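Asker: Please see the structure below; I have some questions.
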Amino acid sequence: MATERTLSLIKPDATARNLVGAICAKLEGAGLRIVAQKRVRMTLAQAQAFYAVHAQRPFYPELTEFMASGPVVAMVLEGAGAIAKNREVMGATDPAEAAPGTIRAEHAASIGENCVHGSDGPETAAQEIPFFFAQTDIVG
Ligand code: UDP
Ligand code: MG
């Protein structure tokens with residue numbers, strides 16, 4: 001399997017509940033390497049730009065306000081098949097449908113406040129990583 005990089009965000013509901021360590025432990029435990037990491041408070045404009053793909057969806061205003069409501073931890077994860085692996089560890093978007101043992105099954109409160117974001121494919125990862133990180137920030 002090819003080595004990939006993907007963007008992960010620990011969302012404001014999880015940073016508020018001191019879940020950064022627990023979530024990073026799950027990601028690392030699955031064999032993903034954190035090759036860049038920073039804690040940032042997104043502005044509403046940044047959250048709107050990051051989630052522009054969802055601009056026409058009914059949940060967009062709520063989602064973008066939530067993402068700007070507190071700090072997030074942005075990470076680049078690296079590993080064999082990292083994009084799908086991260087999605088697997090995250091679990092389904094709706095925590096009620098997330099497989100046991102996944103981050104969202106264990107920690108998420110709702111479909112909106114669901115602890116983590118992960119790139120959903122190679123093109124998305126290639127767009128989302130530079131949104132937060134310069135090449136020189138990524139240190140394998
Ligand atoms: N979301 C929501 N309501 C929905 C679907 C999504 O509030 O019905 C939020 C949720 O925070 C989700 C984000 O919008 O993580 C992006 O949605 P997407 O379908 O891309 O889910 P993900 O890729 O995060 O699993
Ligand atoms: Mg998505």
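Letters A, B, ... mark the chains of the structure tokens in the order given; residue numbers begin at 1 per chain; ligand numbers begin at 1, in order shown.
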I'd like the contact shell of range 125-136 of chain A - 7 Å cut-off, only C-alpha atoms, skipping same-chain residues fewer than 3 positions apart - returned as a PyMOL selection string.

Answerer: chain A and resi 6-7+76+119+121-122

Asker: Export all heavy atoms of the chosen residues as a compact mmCIF listing (two decimals), in the first residue's frame?

Answerer:
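Once written, selection-v8.txt looks like this:
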# COMPACT_ATOMS: atom_id res chain seq x y z
N THR A 6 -2.55 12.67 5.07
CA THR A 6 -3.93 13.13 5.15
C THR A 6 -4.04 14.21 6.22
O THR A 6 -3.21 14.26 7.13
CB THR A 6 -4.88 11.95 5.45
OG1 THR A 6 -6.23 12.38 5.32
CG2 THR A 6 -4.66 11.36 6.83
N LEU A 7 -5.06 15.07 6.08
CA LEU A 7 -5.27 16.09 7.11
C LEU A 7 -6.29 15.60 8.14
O LEU A 7 -7.36 15.10 7.79
CB LEU A 7 -5.80 17.40 6.53
CG LEU A 7 -5.91 18.46 7.63
CD1 LEU A 7 -4.58 19.17 7.84
CD2 LEU A 7 -7.01 19.46 7.36
N VAL A 76 -1.06 16.63 10.24
CA VAL A 76 -0.84 15.81 9.05
C VAL A 76 -0.47 14.42 9.55
O VAL A 76 0.44 14.27 10.38
CB VAL A 76 0.29 16.38 8.16
CG1 VAL A 76 0.50 15.47 6.95
CG2 VAL A 76 -0.06 17.79 7.72
N SER A 119 -9.55 14.05 5.85
CA SER A 119 -9.67 14.16 4.39
C SER A 119 -10.33 12.90 3.85
O SER A 119 -10.06 11.79 4.32
CB SER A 119 -8.30 14.32 3.75
OG SER A 119 -7.59 15.40 4.31
N GLY A 121 -10.22 11.81 0.56
CA GLY A 121 -9.58 11.23 -0.64
C GLY A 121 -8.29 11.96 -0.94
O GLY A 121 -7.99 12.97 -0.30
N PRO A 122 -7.52 11.45 -1.89
CA PRO A 122 -6.21 12.05 -2.20
C PRO A 122 -6.28 13.51 -2.64
O PRO A 122 -5.46 14.33 -2.23
CB PRO A 122 -5.67 11.17 -3.33
CG PRO A 122 -6.43 9.89 -3.24
CD PRO A 122 -7.75 10.21 -2.65

Asker: Using only C-alpha atoms and all ligand atoms, which residues of the polymer chains come no farther than 6 Å from ligand 1? I'd like the answer as number ranges by chain.

Answerer: A: 59, 63, 92-93, 111-114, 117

Asker: Per DSSP on the backbone, what are the helix (DSSP H, G or I) residues of range 63-94 of chain A, as number ranges by chain?

Answerer: A: 63-67, 82-90

Asker: Could you take the residues named above and write them with C-alpha atoms, as an mmCIF file, in the first residue's frame?

Answerer:
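Listed below is the output, result15.cif:
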data_model
loop_
_atom_site.group_PDB
_atom_site.id
_atom_site.type_symbol
_atom_site.label_atom_id
_atom_site.label_comp_id
_atom_site.auth_asym_id
_atom_site.auth_seq_id
_atom_site.Cartn_x
_atom_site.Cartn_y
_atom_site.Cartn_z
ATOM 1 C CA LEU A 63 -20.921 23.590 11.125
ATOM 2 C CA THR A 64 -18.791 26.639 10.359
ATOM 3 C CA GLU A 65 -19.849 28.474 13.547
ATOM 4 C CA PHE A 66 -19.034 25.348 15.557
ATOM 5 C CA MET A 67 -15.593 25.008 13.937
ATOM 6 C CA ALA A 82 -3.303 6.840 5.659
ATOM 7 C CA ILE A 83 -6.406 8.456 4.142
ATOM 8 C CA ALA A 84 -8.648 5.384 4.494
ATOM 9 C CA LYS A 85 -6.970 4.309 7.733
ATOM 10 C CA ASN A 86 -7.759 7.653 9.363
ATOM 11 C CA ARG A 87 -11.388 7.462 8.187
ATOM 12 C CA GLU A 88 -11.585 3.952 9.670
ATOM 13 C CA VAL A 89 -10.266 5.089 13.066
ATOM 14 C CA MET A 90 -12.620 8.121 13.028
#

Asker: Can you build me a table of range 69-110 of chain A residues sitting at most 7 Å from range 23-38 of chain A, with the closest atom pair per residue and its distance in Å to one decimal, using only C-alpha atoms, sorted by chain and residue number, as a Markdown table?

Answerer:
| residue | atom | partner | partner_atom | distance |
| --- | --- | --- | --- | --- |
| A:Val73 | CA | A:Lys38 | CA | 5.6 |
| A:Ala74 | CA | A:Lys38 | CA | 5.4 |
| A:Met75 | CA | A:Gln37 | CA | 4.3 |
| A:Val76 | CA | A:Ala36 | CA | 5.0 |
| A:Leu77 | CA | A:Ile34 | CA | 4.8 |
| A:Glu78 | CA | A:Arg33 | CA | 5.1 |
| A:Gly79 | CA | A:Leu32 | CA | 5.3 |
| A:Ala82 | CA | A:Leu32 | CA | 6.7 |
| A:Val89 | CA | A:Leu27 | CA | 6.8 |
| A:Ile103 | CA | A:Ile23 | CA | 6.7 |

Asker: Which one of A:Ala52, A:Ala22, A:Val72, A:Ala98 sits closest to ligand 2 if you count only C-alpha atoms and all ligand atoms?

Answerer: A:Ala52

Asker: Just how far from CA of Glu106 in chain A is CA of Val20 in chain A, in Å to one decimal?

Answerer: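 Computed distance, CA of Val20 in chain A to CA of Glu106 in chain A, equals 13.4 Å.
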
Asker: By how many Å are CA of Ser110 in chain A and CA of Pro12 in chain A apart?

Answerer: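 Atom-to-atom, CA of Ser110 in chain A to CA of Pro12 in chain A, that is 13.0 Å.
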
Asker: Using Å and a single decimal, report how far CA of Arg39 in chain A sits from CA of Ser8 in chain A.

Answerer: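 So the two atoms, CA of Ser8 in chain A and CA of Arg39 in chain A, lie 11.8 Å apart.
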
Asker: Of the candidates A:Gly91, A:Pro61, A:Gly21, A:Gly140, which shows the shortest atom-to-atom distance to ligand 2, using only C-alpha atoms and all ligand atoms?

Answerer: A:Gly91

Asker: Step one, run DSSP on the backbone; step two, keep only residues of chain A assigned to strand (DSSP E); then write them as a PDB file with N, CA, C and O atoms, in the first residue's frame.

Answerer:
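Saved file part.pdb follows:
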ATOM      1  N   THR A   3       2.415   4.891   0.707  1.00  0.00           N
ATOM      2  CA  THR A   3       2.472   5.841   1.824  1.00  0.00           C
ATOM      3  C   THR A   3       1.715   7.098   1.419  1.00  0.00           C
ATOM      4  O   THR A   3       1.942   7.649   0.348  1.00  0.00           O
ATOM      5  N   GLU A   4       0.799   7.525   2.265  1.00  0.00           N
ATOM      6  CA  GLU A   4      -0.014   8.715   1.995  1.00  0.00           C
ATOM      7  C   GLU A   4       0.079   9.684   3.161  1.00  0.00           C
ATOM      8  O   GLU A   4       0.449   9.299   4.273  1.00  0.00           O
ATOM      9  N   ARG A   5      -0.346  10.929   2.887  1.00  0.00           N
ATOM     10  CA  ARG A   5      -0.542  11.918   3.939  1.00  0.00           C
ATOM     11  C   ARG A   5      -1.987  12.391   3.894  1.00  0.00           C
ATOM     12  O   ARG A   5      -2.570  12.525   2.809  1.00  0.00           O
ATOM     13  N   THR A   6      -2.553  12.669   5.072  1.00  0.00           N
ATOM     14  CA  THR A   6      -3.931  13.130   5.147  1.00  0.00           C
ATOM     15  C   THR A   6      -4.038  14.207   6.217  1.00  0.00           C
ATOM     16  O   THR A   6      -3.209  14.264   7.126  1.00  0.00           O
ATOM     17  N   LEU A   7      -5.058  15.067   6.083  1.00  0.00           N
ATOM     18  CA  LEU A   7      -5.274  16.090   7.112  1.00  0.00           C
ATOM     19  C   LEU A   7      -6.287  15.596   8.140  1.00  0.00           C
ATOM     20  O   LEU A   7      -7.358  15.097   7.786  1.00  0.00           O
ATOM     21  N   SER A   8      -5.939  15.744   9.402  1.00  0.00           N
ATOM     22  CA  SER A   8      -6.837  15.434  10.519  1.00  0.00           C
ATOM     23  C   SER A   8      -7.052  16.708  11.328  1.00  0.00           C
ATOM     24  O   SER A   8      -6.114  17.480  11.525  1.00  0.00           O
ATOM     25  N   LEU A   9      -8.283  16.933  11.766  1.00  0.00           N
ATOM     26  CA  LEU A   9      -8.571  18.022  12.717  1.00  0.00           C
ATOM     27  C   LEU A   9      -9.257  17.426  13.926  1.00  0.00           C
ATOM     28  O   LEU A   9     -10.207  16.641  13.785  1.00  0.00           O
ATOM     29  N   ILE A  10      -8.786  17.794  15.118  1.00  0.00           N
ATOM     30  CA  ILE A  10      -9.522  17.520  16.349  1.00  0.00           C
ATOM     31  C   ILE A  10     -10.402  18.745  16.579  1.00  0.00           C
ATOM     32  O   ILE A  10      -9.906  19.867  16.685  1.00  0.00           O
ATOM     33  N   ARG A  33       1.385   8.142  11.711  1.00  0.00           N
ATOM     34  CA  ARG A  33       2.434   8.976  12.307  1.00  0.00           C
ATOM     35  C   ARG A  33       2.032  10.443  12.183  1.00  0.00           C
ATOM     36  O   ARG A  33       1.644  10.893  11.097  1.00  0.00           O
ATOM     37  N   ILE A  34       2.105  11.186  13.295  1.00  0.00           N
ATOM     38  CA  ILE A  34       1.780  12.617  13.280  1.00  0.00           C
ATOM     39  C   ILE A  34       3.037  13.362  12.825  1.00  0.00           C
ATOM     40  O   ILE A  34       3.994  13.476  13.589  1.00  0.00           O
ATOM     41  N   VAL A  35       3.030  13.842  11.582  1.00  0.00           N
ATOM     42  CA  VAL A  35       4.237  14.466  11.025  1.00  0.00           C
ATOM     43  C   VAL A  35       4.152  15.992  11.012  1.00  0.00           C
ATOM     44  O   VAL A  35       5.109  16.670  10.627  1.00  0.00           O
ATOM     45  N   ALA A  36       2.999  16.538  11.435  1.00  0.00           N
ATOM     46  CA  ALA A  36       2.842  17.984  11.662  1.00  0.00           C
ATOM     47  C   ALA A  36       1.660  18.156  12.596  1.00  0.00           C
ATOM     48  O   ALA A  36       0.707  17.364  12.537  1.00  0.00           O
ATOM     49  N   GLN A  37       1.728  19.174  13.462  1.00  0.00           N
ATOM     50  CA  GLN A  37       0.648  19.352  14.444  1.00  0.00           C
ATOM     51  C   GLN A  37       0.657  20.776  14.979  1.00  0.00           C
ATOM     52  O   GLN A  37       1.703  21.301  15.337  1.00  0.00           O
ATOM     53  N   LYS A  38      -0.519  21.393  15.050  1.00  0.00           N
ATOM     54  CA  LYS A  38      -0.633  22.684  15.747  1.00  0.00           C
ATOM     55  C   LYS A  38      -2.059  22.932  16.209  1.00  0.00           C
ATOM     56  O   LYS A  38      -3.016  22.455  15.609  1.00  0.00           O
ATOM     57  N   ARG A  39      -2.151  23.700  17.309  1.00  0.00           N
ATOM     58  CA  ARG A  39      -3.451  24.076  17.868  1.00  0.00           C
ATOM     59  C   ARG A  39      -3.767  25.479  17.378  1.00  0.00           C
ATOM     60  O   ARG A  39      -2.966  26.398  17.571  1.00  0.00           O
ATOM     61  N   VAL A  40      -4.926  25.646  16.755  1.00  0.00           N
ATOM     62  CA  VAL A  40      -5.288  26.944  16.178  1.00  0.00           C
ATOM     63  C   VAL A  40      -6.759  27.247  16.436  1.00  0.00           C
ATOM     64  O   VAL A  40      -7.582  26.339  16.564  1.00  0.00           O
ATOM     65  N   VAL A  72      -8.970  24.158  17.528  1.00  0.00           N
ATOM     66  CA  VAL A  72      -8.866  22.846  16.887  1.00  0.00           C
ATOM     67  C   VAL A  72      -7.389  22.449  16.894  1.00  0.00           C
ATOM     68  O   VAL A  72      -6.520  23.315  17.014  1.00  0.00           O
ATOM     69  N   VAL A  73      -7.120  21.166  16.803  1.00  0.00           N
ATOM     70  CA  VAL A  73      -5.748  20.697  16.618  1.00  0.00           C
ATOM     71  C   VAL A  73      -5.657  20.121  15.213  1.00  0.00           C
ATOM     72  O   VAL A  73      -6.357  19.147  14.883  1.00  0.00           O
ATOM     73  N   ALA A  74      -4.846  20.786  14.387  1.00  0.00           N
ATOM     74  CA  ALA A  74      -4.655  20.341  13.001  1.00  0.00           C
ATOM     75  C   ALA A  74      -3.416  19.457  12.939  1.00  0.00           C
ATOM     76  O   ALA A  74      -2.403  19.750  13.588  1.00  0.00           O
ATOM     77  N   MET A  75      -3.526  18.374  12.177  1.00  0.00           N
ATOM     78  CA  MET A  75      -2.410  17.431  12.061  1.00  0.00           C
ATOM     79  C   MET A  75      -2.291  16.921  10.632  1.00  0.00           C
ATOM     80  O   MET A  75      -3.299  16.762   9.937  1.00  0.00           O
ATOM     81  N   VAL A  76      -1.064  16.626  10.240  1.00  0.00           N
ATOM     82  CA  VAL A  76      -0.837  15.807   9.053  1.00  0.00           C
ATOM     83  C   VAL A  76      -0.466  14.419   9.548  1.00  0.00           C
ATOM     84  O   VAL A  76       0.442  14.268  10.378  1.00  0.00           O
ATOM     85  N   LEU A  77      -1.215  13.425   9.076  1.00  0.00           N
ATOM     86  CA  LEU A  77      -0.954  12.026   9.424  1.00  0.00           C
ATOM     87  C   LEU A  77      -0.344  11.336   8.218  1.00  0.00           C
ATOM     88  O   LEU A  77      -0.778  11.551   7.090  1.00  0.00           O
ATOM     89  N   GLU A  78       0.639  10.492   8.484  1.00  0.00           N
ATOM     90  CA  GLU A  78       1.333   9.792   7.401  1.00  0.00           C
ATOM     91  C   GLU A  78       1.347   8.293   7.683  1.00  0.00           C
ATOM     92  O   GLU A  78       1.482   7.881   8.842  1.00  0.00           O
ATOM     93  N   GLY A  79       1.222   7.520   6.632  1.00  0.00           N
ATOM     94  CA  GLY A  79       1.314   6.071   6.793  1.00  0.00           C
ATOM     95  C   GLY A  79       0.805   5.352   5.551  1.00  0.00           C
ATOM     96  O   GLY A  79       0.299   5.986   4.613  1.00  0.00           O
ATOM     97  N   ALA A  80       0.915   4.039   5.563  1.00  0.00           N
ATOM     98  CA  ALA A  80       0.407   3.223   4.450  1.00  0.00           C
ATOM     99  C   ALA A  80      -1.115   3.364   4.417  1.00  0.00           C
ATOM    100  O   ALA A  80      -1.784   3.104   5.411  1.00  0.00           O
ATOM    101  N   VAL A 116     -13.792  14.847  15.217  1.00  0.00           N
ATOM    102  CA  VAL A 116     -12.674  14.826  14.269  1.00  0.00           C
ATOM    103  C   VAL A 116     -13.122  15.079  12.835  1.00  0.00           C
ATOM    104  O   VAL A 116     -14.254  14.762  12.453  1.00  0.00           O
ATOM    105  N   HIS A 117     -12.190  15.624  12.067  1.00  0.00           N
ATOM    106  CA  HIS A 117     -12.317  15.724  10.605  1.00  0.00           C
ATOM    107  C   HIS A 117     -11.198  14.902   9.991  1.00  0.00           C
ATOM    108  O   HIS A 117     -10.092  14.843  10.543  1.00  0.00           O
ATOM    109  N   GLY A 118     -11.440  14.306   8.843  1.00  0.00           N
ATOM    110  CA  GLY A 118     -10.376  13.642   8.090  1.00  0.00           C
ATOM    111  C   GLY A 118     -10.614  13.797   6.601  1.00  0.00           C
ATOM    112  O   GLY A 118     -11.761  13.685   6.144  1.00  0.00           O
TER     113      GLY A 118
END

Asker: Which residue is closest to His107 in chain A? Choose from A:Leu19, A:Ala49, A:Ala55, A:Ile138 and count only C-alpha atoms.

Answerer: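 Once distances to His107 in chain A are computed over only C-alpha atoms, the minimum belongs to A:Leu19.
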